Each structure stands twice: as structure tokens, then as C-alpha cells.
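Student: One structure is given below, represented as C-alpha cells, and several questions about it will come after.
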Amino acid sequence: MPDTSHPPGLTQAEVAQRRRSFGWNELPQGKQAGPLTVLLRQFSSFLVLILIAAAGIAIVVGERIDALAIGLVVLLNAGLGFVQEWRAETALSALRNMMSPKALVLRDGHEQVIAARELVPGDLIVLNAGDKVPADATLIHSVELRLDESVLTGESLPVEKSEATDSAVVFAGTAAVAGRAEAKVIAIGAATEFGKIALLTGAVGPKKTNLQVKLGRLATQLGLAALIVAAAVVALGIAVARDTFEMMMTGLSLSVAMVPEGLPAVVTITLALGAAAMVRQKALARRLQAVETLGAASVICTDKTGTLTENKMTATQIWTPALSYRATGTGYDPAGHIETGGQRVRAKDDPALAALLRTGLNCTHARLRREGDAWFMTGEPTEGALVTLAYKGWCDLPDQNALIAEAPFSSDRKRMSVLFRDGAGGQIYTKGAPEQVLALSTWLQVGDRIEALTDMWRAEISQAYEDMAARGLRVIGFAQRAVPDHALVEEELVFLGLVGLIDPPRAEVKGAIAAARSAGIRIAMITGDSPITARAIAAQLDMPVYQTVTGPQLEALDDAGLRQVLAGDAVFARTKPAHKMRLVAALQAEGQIVAMTGDGVNDAPALKQADIGISMGIRGTDVARDASDLVLLDDNFATILRAIGEGRRQFANVQKFVRYLLSSNAGEVVALMVNILIGGPLIFLATQILWMNLVTDGVTAVALGIEKGEPDQMDRPPRPKSEPILGWGGILSICLLGLYTGGASLWIFFSLLEVDVDLARTTAFTAMVAFEKVSVFAFRSLHLPCWRIGYLSNPLLLMALALTMGAQVAAVYWAPLQTLLHTVPLGAEHWGMIALFALPILILPELLKTVLGALQRAR
């Protein structure tokens with residue numbers, strides 16, 4: 001190879017001309033988000049835009065300190081979001097290596113190694129076992145060529161390719177596992193099948209996460225309410241002849257009070273801390289909201305090959321006429337063993353087993369090698385599994401110098417035979433499709449005896465073969481024969497037995513699926529593999545299967561029929577990328593929040609279509625990783641469950657600190673509005689409101705945002721997609737607490753107003769800060785009292801409370817802050833008054849939760 005009957009490849013002039021016409025052999029990268037784009041994305045929230053507008057108004061009316069404080073919050077929020085998202089983008093760029101970097105090509109009559117991106121249509125490429133196919137090409141010559149196409153099709157078994165059959169095209173991104181070939185490039189870059197799927201992925205538009213939608217809606221509602229109320233109060237004050245500048249400042253104070261300035265920063269910090277925690281647990285969130293969205297997932301659509309399974313063929317069952325055996329272990333690590341009847345056996349202890357293992361070990365091109373603690377296989381996966389099986393049985397390694405002849409496997413023969421020198425004669429070893437090997441056999445080894453292969457034995461062998469195939473196993477038959485000379489004659493063989501192989505489930509997946517189901521999350525397998533194999537893997541994972549639907553059957557279903565299928569537990573097999581996208585879209589149309597896992601190019605469009613796409617970081621393709629929202633750095637399906645728990649914790653904590661921040665703001669609004677209606681002087685100044693909302697509340701809310709997950713969070717079903725962040729229960733608690741804290745602050749203010757307005761304002765201001773700090777205990781859990789979750793279980797919250805109350809003491813007694821916030825020192829009697837009004841906020845919520853919990857348990 002190459003064959004001189006074919007042209008010696010393209011000339012350099014032809015290459016240059018074709019490159020002008022077809023370009024480079026690379027996928028279009030699409031519009032990559034640069035640093036500026038990622039930074040500007042942080043300013044797109046409506047709430048952030050309101051803060052920017054408030055800062056502008058403050059500048060116009062001369063309140064530059066207020067404007068500076070708001071601006072710092074906006075910049076902090078943007079900086080945190082930018083750092084996390086840009087870190088994720090740069091981490092992904094380091095993983096980009098999917099397209100084959102080199103190609104062996106024939107040009108100007110010589111073999112050359114070039115960068116794969118330099119290929120053009122018409123190039124002649126040479127493929128050997130272990131090579132990645134660099135472009136779509138038509139085979140010209142091939143010898144025993146088999147390709148792993150799982151990256152495109154999801155099919156776990158290698159596919160035989162030959163120029164003499166309909167399967168004469170090899171596709172970019174697939175890998176040669178056996179044989180060699182010469183092929184002519186017919187498509188490069190985006191024109192390849194690989195590229196078409198990548199373009200299909202690009203056709204899916206950008207999506208917003210569930211949390212983004214809900215926070216956006218909440219921000220819009222809060223912003224509009226703030227603008228309307230502030231405008232109404234300003235108009236009312238001017239109408240009753242109040243000072244215009246004073247009313248402008250009052251309106252600014254009201255709008256500042258109603259909008260929780262710290263919310264964007266607190267959300268960003270909470271999600272960033274959660275994302276950092278997930279990286280330590282081997283999950284990289286490409287967007288801050290990705291993990292939270294996964295916490296709301298109601299359906300996980302998952303690929304099979306490489307996601308649920310090892311993507312490594314493993315021999316698990318052995319059948320011989322005398323005994324049946326089971327092989328432990330997975331993949332190409334020979335650490336497992338072979339057992340029968342609960343007893344371990346080795347080749348030296350069992351002549352029939354030894355003959356079968358020796359046949360699999362001799363009749364192969366696969367090799368195992370050890371590097372450190374890891375084992376690697378070179379060759380075709382099925383043959384690699386048989387070599388591994390022989391290692392587990394402690395079978396002696398063959399003398400490769402004794403190999404005399406080989407009759408290779410082909411799609412017509414469906415078997416492979418080799419002849420080894422054995423003394424003066426030879427020994428033939430044959431493996432292949434059971435029906436083919438059985439047809440060539442006339443004898444049978446039963447234990448250490450050789451018997452005639454009767455019709456009864458043939459029927460029993462055929463039944464064993466059918467039983468193994470029905471369990472989703474790929475079944476290989478084995479035979480051997482001693483010959484007096486060195487002639488490779490495939491007849492009158494001695495049948496040895498059968499071996500069943502499968503791409504086994506990953507060890508952690510079964511437990512992860514059980515945990516997902518207990519959390520109310522449905523698992524749907526969508527694979528390109530066969531229906532029998534898909535059902536077998538589902539059975540091993542204890543996944544309920546109501547029916548199996550193939551890609552062609554899916555195409556025949558209308559939308560109503562598909563909805564009916566999706567209502568039950570179905571496994572989808574022989575699917576294509578468009579099928580996966582349709583299934584994800586159909587589930588989303590039913591109101592489900594859909595997570596999609598996968599690692600191949602064929603998974604990428606559905607990964608992008610899903611509410612959250614989850615790709616594999618180690619064996620996943622670049623296209624799949626780029627289409628995903630979450631990358632599993634350890635390729636561990638169980639990491640998804642940890643991410644779901646983290647997502648649920650994040651949303652629960654978002655609910656907690658949103659309620660906490662809004663209840664604090666509600667008290668400020670009640671105090672300001674009632675005070676305006678009464679006609680008293682301003683109870684809070686704009687700088688004081690910013691101090692409460694940003695300095696004291698913000699720090700406490702961040703600490704609240706890192707509350708640990710509640711014990712039963714993974715025992716509850718996913719929250720409905722329509723569930724708001726607040727809800728009516730949240731609004732009621734905000735209003736009740738706001739009325740109390742606002743009313744108490746007003747009482748304190750007016751009771752001291754006759755003494756001194758600055759003293760009254762400082763005491764009311766400090767009281768509101770104290771009320772807000774004490775109320776945080778009511779929001780540590782929305783249904784459990786603090787004595788159930790532990791008063792000391794969130795030490796950062798206690799530190800935040802101490803820090804913020806210390807800052808408030810400084811605001812009252814330290815001259816620079818006194819000047820900034822217009823405060824005066826307080827006496828012991830004022831602190832006592834504040835403590836007396838704060839006590840009910842601490843006691844009543846705890847009492848209410850304890851009573852309600854007792855009533856629920858009593859039911």
C-alpha cells in the first residue's frame with residue numbers, strides 16, 4: 001500500500017487550487033465569546049439596569065456618594081460573574097482536541113504526514129489501526145478494516161468497512177480499531193457528517209435558564225413597582241406643597257428602598273461559590289445558573305454508550321458443554337476473575353476452559369499493555385475483551401513466532417482462524433459467529449473428553465446462543481483442531497464453547513439512577529445502539545421499561561402518539577441526532593425541565609436543545625462539550641446526582657435570601673411611606689438605606705446563601721417549572737415582617753423625635769438594621785426551626801451577623817461614618833428599646849415552625 005494502479009495523489013498545485021475552492025479541513029468555531037462579550041453579558045439583568053439608572057439619578061441630584069455606592073455594587077456583581085464564566089470558557093478551550101491533528105496522505109507520489117486541517121477533497125489518505133479518520137472519504141483499498149463509529153452513531157460495536165460493499169465511506173471523527181486502508185477524501189470540515197451535526201447544533205438558538213427567567217420576572221416586577229410608587233409619592237408630595245428637592249430625594253430613597261440592590265451580587269456570589277464547590281466535585285459549570293437549573297430537572301435524557309456504559313467491551317459469560325462461567329471486572333483491566341458455582345477457576349484447573357481461553361488469546365490482533373496502574377488495549381474492542389478474559393483465567397501467553405498462517409475475518413466468512421506450529425504438526429484456532437463456527441465443527445469438547453457433535457448437542461448449543469443474545473450479549477463461538485501438517489483447513493473442528501460480551505454499565509450508574517428516581521427524576525435512555533442491547537443495559541440498571549421505540553418507529557409517530565409514548569417509561573434505540581432533539585423538545589413542550597447527557601457528536605444537538613446539557617470532560621468530543629452547560633470532569637454519572645443536590649440547595653437558598661432581602665426592604669418601604677403620609681421628617685436618608693441594603697443586608701444574605709442542603713432535599717420531587725421564587729406564602733411572610741419592622745421603627749422614631757431628630761433617625765436606623773439581622777434566623781429554613789438544623793451549623797452566618805452589627809456600632813460611634821451616614825451616638829436605653837422590639841422577630845417564627853412541624857408529624 002499504496003497501490004501503483006491508482007494515481008499517486010494530488011500535486012501541490014492541485015492542493016492549492018482546491019483549498020481556494022473548499023477551504024481548510026476544520027469546523028467553523030462559530031462566534032466565540034470574547035472577554036468583552038462575557039463582561040457585557042453581566043449587565044443585561046433588568047435589576048442591574050435599574051441600579052445603573054438609580055446611580056444616574058443620584059448623580060443628577062448631587063448625591064455622588066449614593067451613586068458611588070450603587071456603582072460599586074454593580075461592578076462587584078459584574079466582576080464575579082465575569083471571572084466565573086471566563087474561567088469556564090478558558091478551561092473548555094484547553095479541552096479542544098477533537099479533530100485528528102495529523103494525517104498520513106499521498107501527495108506527489110510520496111507518503112507525507114501533514115496537519116489534518118490541510119486536507120482537501122481528492123487527497124488520498126492512509127489509515128492504520130489506532131488512527132482517527134481525518135475527513136469523510138471513500139475506500140479504495142482495505143484489509144480487515146473496522147471502525148469505531150460510536151462518536152457518530154452511538155453504536156457500541158465496531159463496524160466492518162470495505163470498498164466491495166455498500167459501507168465504503170469512512171467518516172471524520174471515527175477511529176480505526178483494526179486493519180488498514182487507503183481512501184479518497186470526499187468531504188472536509190463543515191461538509192463532513194461530523195460537521196453537519198455540529199451545524200445542526202449551531203441551529204439551536206440561545207436559551208435562558210429557569211432561574212434567569214424567574215429572576216428576570218422578579219426584577220421587572222420590583223423595578224416597575226419601585227418606579228410607580230416613587231413617582232406617585234413624589235407627585236403627591238409636590239401636590240401638597242412639599243419641597244420639590246426634598247420630594248425628589250424622598251422618591252430616590254423610596255426607589256432605593258424597594259429595589260434590593262444587593263440581590264444581583266448575592267445571587268452571583270452564591271452561584272459562583274456553588275460553581276466552585278462543584279469543580280471540587282468534578283463538575284464544571286459553563287454558566288453560573290447551570291447547576292441550579294439541573295436541580296430543577298424532572299427528566300434526564302441520557303445516551304447509553306460511554307455515558308451509562310464503560311464504552312469498553314467486556315466478556316461476562318462463558319458457556320461450555322460441561323459448565324457455565326461468569327467473569328468479573330470491566331474494561332481492559334484483567335484484575336477480575338472467572339468463576340463457576342461460586343468457585344474461582346483458572347485455565348490450569350479446567351482443560352475445557354483452558355482450550356477456549358487459549359483460542360481467544362491466539363486468534364487475535366489485540367494486545368494489552370500496562371502503564372503504571374492503568375491498562376490499555378490496542379486493537380479491536382471485541383478481541384481486546386477476549387484477551388482480557390484470557391488474562392483473568394491466567395492463560396499462558398502464545399509464542400507469536402509459532403504463528404504460521406491466518407484466515408482473516410470478513411463480513412462474508414464471519415470468522416477468523418489462525419494456524420500455530422505445534423511440534424511436527426499444527427494447531428488451528430477459530431473464533432467467529434456461533435452459527436458459522438458450529439457449521440464447521442464435527443466434534444465437541446466436554447470437560448477433558450472429545451465427543452461427537454450430535455444433533456442434540458447442536459440444539460443445546462443453539463439454545464445457549466439464543467439465550468445469551470436475548471440478554472443483549474454479543475456472542476462469539478470458539479473451536480480448534482490439531483492437524484498433522486501445516487495446512488489451515490477449517491473443517492472437522494472441535495467446538496469448545498461460547499463467550500458473551502457486552503459494553504457493561506459503569507459501576508456508579510445503578511446507584512445514581514436509583515437515587516435520581518427517589519428524587520422524583522425520570523431517566524430516559526436514548527441510544528443509537530440496538531433495541532435488545534438497550535433493554536439489556538436498562539435491565540442491569542433496574543430501569544423500568546414499558547416499551548422500546550426505534551428511530552424509524554419514532555419517525556412514524558405524530559406528536560400525539562409521541563406524547564403517549566413519553567407518558568410511560570420507554571427506551572429509545574437506533575436513534576439519530578434529529579430524533580434526540582425531537583424527544584427533548586417534546587418533553588419540554590410537556591412542561592418538563594430536561595437535562596441531556598452525552599459525549600458523542602451525535603449527542604451535541606440535543607445537549608444544546610435541552611434546558612441543561614451535560615457532557616463528559618475526558619472522553620467527550622469538543623462539539624459535545626461546547627454544546628453543554630455542565631461538563632463532568634471525571635465522566636462519572638454519579639456526579640450528576642451531586643450536582644442535582646447542589647442545584648436544589650442553590651434554589652432553596654436563593655428563595656431564602658430573596659425573601660430575607662425583600663422582607664428587609666419591605667420594612668424600610670413601610671416606614672418611609674407611612675412617615676410621608678403622616679408628614680414627618682425623613683425617617684431614613686438615602687445613604688442610610690444604601691448602607692442597610694448593601695453593607696449589612698448584603699453580607700448577611702451571602703452567608704445565608706451558603707446554607708447547607710436540607711436533609712430531605714433529595715427525597716422531594718422536582719419543583720414545578722412554574723413555581724415562582726416567592727409564591728403567595730413568601731409574599732405573606734414578607735408583608736407581615738415588613739409591617740412589624742416598619743411599624744416598630746416608626747414607633748421608635750416618633751417616640752424620640754421630640755428629643756432630637758438626628759437621635760430619632762439614628763435609633764430608628766439602627767433598630768431597622770438590628771431587626772434585619774435577627775430576622776435572618778427565620779429564613780435559614782423555610783419549614784424547619786433553627787434548633788432542628790443547628791444554631792451553629794452555619795458559622796459563616798454567625799460571623800456575618802457579628803461583622804455587620806459591629807459595622808453598625810461603628811456607624812453610630814465612629815466619626816467618619818457618623819459624617820457619612822448622619823448619625824449620632826446612642827445610649828444604653830436606646831439599645832434596650834431596640835432589643836425589646838427585636839425579641840418577637842426571633843421567637844415567633846421559631847415557635848410557628850415548631851408547631852406546624854409537630855402538626856405535620858401528627859398526621
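Just remember, in the C-alpha cells the first chain shown is A, the second B, etc., residues are 1-based per chain, and ligands are 1-based in the order shown.
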For A:Leu566, list every protein, DNA or RNA residue within 10 Å, evaluated using only C-alpha atoms, and leave out those in the same chain fewer than 5 positions away; present the list as a PyMOL selection string.
Tutor: chain A and resi 524+560-561+571+583+586-587+590
Student: How about saving the chosen residues, all heavy atoms kept, as a PDB file, in the first residue's frame?
Tutor:
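Wrote it out as again_19.pdb, contents follow:
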```
ATOM      1  N   ALA A 524     -34.530   8.666  30.990  1.00  0.00           N
ATOM      2  CA  ALA A 524     -34.893   8.147  29.666  1.00  0.00           C
ATOM      3  C   ALA A 524     -33.620   7.863  28.881  1.00  0.00           C
ATOM      4  O   ALA A 524     -32.812   8.755  28.664  1.00  0.00           O
ATOM      5  CB  ALA A 524     -35.779   9.143  28.918  1.00  0.00           C
ATOM      6  N   ALA A 560     -49.102  13.545  18.829  1.00  0.00           N
ATOM      7  CA  ALA A 560     -49.996  12.938  19.822  1.00  0.00           C
ATOM      8  C   ALA A 560     -49.489  11.557  20.215  1.00  0.00           C
ATOM      9  O   ALA A 560     -49.488  11.192  21.403  1.00  0.00           O
ATOM     10  CB  ALA A 560     -51.422  12.852  19.269  1.00  0.00           C
ATOM     11  N   GLY A 561     -49.046  10.785  19.219  1.00  0.00           N
ATOM     12  CA  GLY A 561     -48.514   9.458  19.501  1.00  0.00           C
ATOM     13  C   GLY A 561     -47.249   9.523  20.325  1.00  0.00           C
ATOM     14  O   GLY A 561     -47.015   8.698  21.224  1.00  0.00           O
ATOM     15  N   VAL A 571     -37.596   3.153  26.310  1.00  0.00           N
ATOM     16  CA  VAL A 571     -36.200   3.218  25.887  1.00  0.00           C
ATOM     17  C   VAL A 571     -36.191   3.458  24.391  1.00  0.00           C
ATOM     18  O   VAL A 571     -36.939   2.820  23.649  1.00  0.00           O
ATOM     19  CB  VAL A 571     -35.461   1.906  26.217  1.00  0.00           C
ATOM     20  CG1 VAL A 571     -34.132   1.837  25.483  1.00  0.00           C
ATOM     21  CG2 VAL A 571     -35.215   1.797  27.715  1.00  0.00           C
ATOM     22  N   LEU A 583     -37.187  14.426  20.757  1.00  0.00           N
ATOM     23  CA  LEU A 583     -37.605  13.898  22.051  1.00  0.00           C
ATOM     24  C   LEU A 583     -37.432  14.945  23.151  1.00  0.00           C
ATOM     25  O   LEU A 583     -38.322  15.127  23.989  1.00  0.00           O
ATOM     26  CB  LEU A 583     -36.797  12.641  22.384  1.00  0.00           C
ATOM     27  CG  LEU A 583     -37.148  11.392  21.567  1.00  0.00           C
ATOM     28  CD1 LEU A 583     -36.095  10.311  21.771  1.00  0.00           C
ATOM     29  CD2 LEU A 583     -38.532  10.874  21.961  1.00  0.00           C
ATOM     30  N   ALA A 586     -40.104  17.591  22.712  1.00  0.00           N
ATOM     31  CA  ALA A 586     -41.433  17.091  23.084  1.00  0.00           C
ATOM     32  C   ALA A 586     -41.596  17.083  24.602  1.00  0.00           C
ATOM     33  O   ALA A 586     -42.674  17.427  25.126  1.00  0.00           O
ATOM     34  CB  ALA A 586     -41.641  15.691  22.510  1.00  0.00           C
ATOM     35  N   LEU A 587     -40.560  16.686  25.322  1.00  0.00           N
ATOM     36  CA  LEU A 587     -40.632  16.701  26.779  1.00  0.00           C
ATOM     37  C   LEU A 587     -40.736  18.135  27.304  1.00  0.00           C
ATOM     38  O   LEU A 587     -41.487  18.413  28.249  1.00  0.00           O
ATOM     39  CB  LEU A 587     -39.393  16.017  27.364  1.00  0.00           C
ATOM     40  CG  LEU A 587     -39.353  14.483  27.233  1.00  0.00           C
ATOM     41  CD1 LEU A 587     -37.951  13.958  27.510  1.00  0.00           C
ATOM     42  CD2 LEU A 587     -40.354  13.840  28.174  1.00  0.00           C
ATOM     43  N   GLU A 590     -44.134  19.487  27.179  1.00  0.00           N
ATOM     44  CA  GLU A 590     -44.997  18.971  28.240  1.00  0.00           C
ATOM     45  C   GLU A 590     -44.742  19.674  29.574  1.00  0.00           C
ATOM     46  O   GLU A 590     -45.315  19.289  30.594  1.00  0.00           O
ATOM     47  CB  GLU A 590     -44.769  17.465  28.398  1.00  0.00           C
ATOM     48  CG  GLU A 590     -45.218  16.629  27.207  1.00  0.00           C
ATOM     49  CD  GLU A 590     -46.727  16.589  27.082  1.00  0.00           C
ATOM     50  OE1 GLU A 590     -47.400  16.264  28.073  1.00  0.00           O
ATOM     51  OE2 GLU A 590     -47.234  16.925  25.999  1.00  0.00           O
TER      52      GLU A 590
END
```
Student: If you take only C-alpha atoms and a cut-off of 9 Å, which residues of stretch 139-206 of chain A touch stretch 370-384 of chain A, and what are their nearest atom pairs and distances in Å to one decimal, in chain and number order, as a Markdown table?
Tutor:
```
| residue | atom | partner | partner_atom | distance |
| --- | --- | --- | --- | --- |
| A:Arg146 | CA | A:Glu380 | CA | 7.6 |
| A:Leu147 | CA | A:Glu380 | CA | 8.6 |
| A:Asp148 | CA | A:Glu380 | CA | 8.7 |
| A:Leu157 | CA | A:Pro381 | CA | 7.8 |
| A:Pro158 | CA | A:Glu380 | CA | 7.5 |
| A:Ala176 | CA | A:Glu380 | CA | 8.5 |
| A:Val177 | CA | A:Glu380 | CA | 4.8 |
| A:Ala178 | CA | A:Glu380 | CA | 5.4 |
| A:Gly179 | CA | A:Gly379 | CA | 8.8 |
```
Student: Hey, which bits of stretch 252-367 of chain A sit within 7 Å of stretch 390-406 of chain A, and for each residue what's the closest pair of atoms and how far apart in Å (one decimal), counting only C-alpha atoms, rows by chain and increasing number, as JSON lines?
Tutor:
```
{"residue": "A:Pro334", "atom": "CA", "partner": "A:Lys392", "partner_atom": "CA", "distance": 5.3}
{"residue": "A:Ala335", "atom": "CA", "partner": "A:Lys392", "partner_atom": "CA", "distance": 6.8}
{"residue": "A:Gly336", "atom": "CA", "partner": "A:Lys392", "partner_atom": "CA", "distance": 5.9}
{"residue": "A:His337", "atom": "CA", "partner": "A:Lys392", "partner_atom": "CA", "distance": 4.9}
{"residue": "A:Ile338", "atom": "CA", "partner": "A:Gly393", "partner_atom": "CA", "distance": 6.1}
{"residue": "A:Arg346", "atom": "CA", "partner": "A:Gly393", "partner_atom": "CA", "distance": 4.7}
{"residue": "A:Ala347", "atom": "CA", "partner": "A:Gly393", "partner_atom": "CA", "distance": 5.5}
{"residue": "A:Ala354", "atom": "CA", "partner": "A:Cys395", "partner_atom": "CA", "distance": 6.8}
{"residue": "A:Leu357", "atom": "CA", "partner": "A:Ala390", "partner_atom": "CA", "distance": 5.1}
{"residue": "A:Arg358", "atom": "CA", "partner": "A:Cys395", "partner_atom": "CA", "distance": 6.6}
{"residue": "A:Leu361", "atom": "CA", "partner": "A:Ala390", "partner_atom": "CA", "distance": 6.2}
{"residue": "A:Asn362", "atom": "CA", "partner": "A:Pro398", "partner_atom": "CA", "distance": 6.2}
```
Student: Quick one: residues within 9 Å of A:Ala800, only C-alpha atoms counted, chain neighbours fewer than 3 positions away excluded, as a list in words?
Tutor: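 The residues satisfying every condition are Thr696, Val699, Thr700, Ala701, Val702, Ala703, Pro795, Leu796, Leu797, Leu803, Thr804 and Met805 of chain A.
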Student: Could you pull the residues within 10 Å of stretch 580-582 of chain A, counting only C-alpha atoms, minus those fewer than 3 positions along the same chain, as a VMD selection string?
Tutor: chain A and resid 200 to 201 204 301 to 303 526 to 528 551 554 to 555 559 562 572 575 to 577 585 to 588 596 602 to 610
Student: List as number ranges by chain the protein and nucleic acid residues near A:Gly520, meaning an atom at most 10 Å away when only C-alpha atoms are counted, but skip any in the same chain fewer than 3 places from it.
Tutor: A: 297-299, 514-517, 523, 714-719
Student: When you look at A:Cys735 with a cut-off of 9 Å (counting only C-alpha atoms), what residues show up, excluding the ones that are within fewer than 5 positions of it in the same chain? I need them as a short mmCIF file (atom, residue, chain, number, x, y, z; two decimals) with all heavy atoms, in the first residue's frame.
Tutor:
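That gives us out.cif:
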```cif
data_model
loop_
_atom_site.label_atom_id
_atom_site.label_comp_id
_atom_site.auth_asym_id
_atom_site.auth_seq_id
_atom_site.Cartn_x
_atom_site.Cartn_y
_atom_site.Cartn_z
N SER A 663 -37.99 41.17 52.65
CA SER A 663 -38.66 41.49 53.92
C SER A 663 -37.96 42.67 54.59
O SER A 663 -38.60 43.53 55.21
CB SER A 663 -38.65 40.27 54.85
OG SER A 663 -37.34 39.93 55.23
N ALA A 666 -39.08 45.64 52.66
CA ALA A 666 -40.49 45.93 52.93
C ALA A 666 -40.63 46.78 54.19
O ALA A 666 -41.44 47.72 54.23
CB ALA A 666 -41.28 44.63 53.07
N GLY A 667 -39.84 46.46 55.23
CA GLY A 667 -39.88 47.27 56.45
C GLY A 667 -39.47 48.69 56.18
O GLY A 667 -40.08 49.65 56.71
N GLY A 730 -44.52 33.23 50.45
CA GLY A 730 -43.38 34.12 50.61
C GLY A 730 -43.81 35.58 50.70
O GLY A 730 -43.29 36.34 51.52
N TYR A 740 -44.35 44.69 60.62
CA TYR A 740 -43.87 44.75 62.01
C TYR A 740 -42.62 45.61 62.13
O TYR A 740 -42.55 46.51 62.97
CB TYR A 740 -43.60 43.34 62.55
CG TYR A 740 -43.04 43.39 63.96
CD1 TYR A 740 -43.89 43.53 65.06
CD2 TYR A 740 -41.66 43.33 64.21
CE1 TYR A 740 -43.39 43.62 66.35
CE2 TYR A 740 -41.15 43.40 65.49
CZ TYR A 740 -42.01 43.55 66.56
OH TYR A 740 -41.53 43.64 67.84
#
```
Student: For A:Ala275, which of A:Ile513, A:Leu218, A:Ile706, A:Ala53 is the closest residue, counting only C-alpha atoms?
Tutor: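 The closest residue to A:Ala275 is A:Ile706.
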Student: If DSSP is run on the backbone, what residues of stretch 517-676 of chain A are strand (DSSP E)? A reply as a count of residues only would be ideal.
Tutor: 25
Student: With a distance cut-off of 10 Å and only C-alpha atoms, select the neighbouring residues of A:Gly237, excluding the residue or stretch itself and same-chain residues fewer than 2 positions from it, and output the selection as a list in words.
Tutor: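 So the residues in contact are Ala231, Ala232, Val233, Val234, Ala235, Ala239, Val240, Ala241, Arg242, Asp243, Thr244, Glu246, Met247, Met248, Thr250, Gly251, Ile676, Leu677 and Gly679 of chain A.
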Student: Please produce a file of those selected residues containing C-alpha atoms, as a short mmCIF file (atom, residue, chain, number, x, y, z; two decimals), in the first residue's frame.
Tutor:
```cif
data_model
loop_
_atom_site.label_atom_id
_atom_site.label_comp_id
_atom_site.auth_asym_id
_atom_site.auth_seq_id
_atom_site.Cartn_x
_atom_site.Cartn_y
_atom_site.Cartn_z
CA ALA A 231 -43.26 58.60 41.08
CA ALA A 232 -46.63 58.58 42.85
CA VAL A 233 -45.14 59.72 46.16
CA VAL A 234 -43.12 62.50 44.50
CA ALA A 235 -46.21 63.72 42.65
CA ALA A 239 -49.16 68.43 45.00
CA VAL A 240 -49.44 69.15 48.75
CA ALA A 241 -46.75 71.82 48.52
CA ARG A 242 -43.83 69.80 49.97
CA ASP A 243 -40.34 70.97 48.94
CA THR A 244 -39.56 69.69 45.43
CA GLU A 246 -36.93 67.04 49.36
CA MET A 247 -39.54 65.03 47.49
CA MET A 248 -37.04 64.15 44.76
CA THR A 250 -37.65 61.01 49.08
CA GLY A 251 -38.54 59.40 45.75
CA ILE A 676 -44.52 60.61 54.30
CA LEU A 677 -48.28 60.22 54.70
CA GLY A 679 -45.92 64.36 57.18
#
```
Student: Point out the residue among A:Gln343, A:Thr293, A:Ser162, A:Thr741 with the least atom-to-atom distance to A:Ile614, counting only C-alpha atoms.
Tutor: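 Counting only C-alpha atoms, the residue closest to A:Ile614 is A:Thr293.
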Student: List every residue of stretch 771-849 of chain A that DSSP, applied to the backbone of this structure, places in helix (DSSP H, G or I), and write the result as number ranges by chain.
Tutor: A: 771-779, 786-789, 795-813, 815-821, 828-849
Student: Which distance in Å separates atom CA of A:Ala13 and atom CA of A:Ala135, to one decimal?
Tutor: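 Atom-to-atom, atom CA of A:Ala13 and atom CA of A:Ala135 are spaced 20.5 Å apart.
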Student: Where does stretch 119-193 of chain A meet stretch 19-23 of chain A within 10 Å, residue by residue, with the nearest atom pair and distance in Å to one decimal for each, counting only C-alpha atoms, listed by chain and rising number, as a tab-separated table?
Tutor:
```
residue	atom	partner	partner_atom	distance
A:Leu119	CA	A:Arg19	CA	8.4
A:Val120	CA	A:Arg19	CA	6.2
A:Pro121	CA	A:Phe22	CA	7.8
A:Ala187	CA	A:Phe22	CA	9.1
A:Ile188	CA	A:Phe22	CA	8.0
A:Gly189	CA	A:Gly23	CA	8.4
A:Ala191	CA	A:Phe22	CA	9.4
```
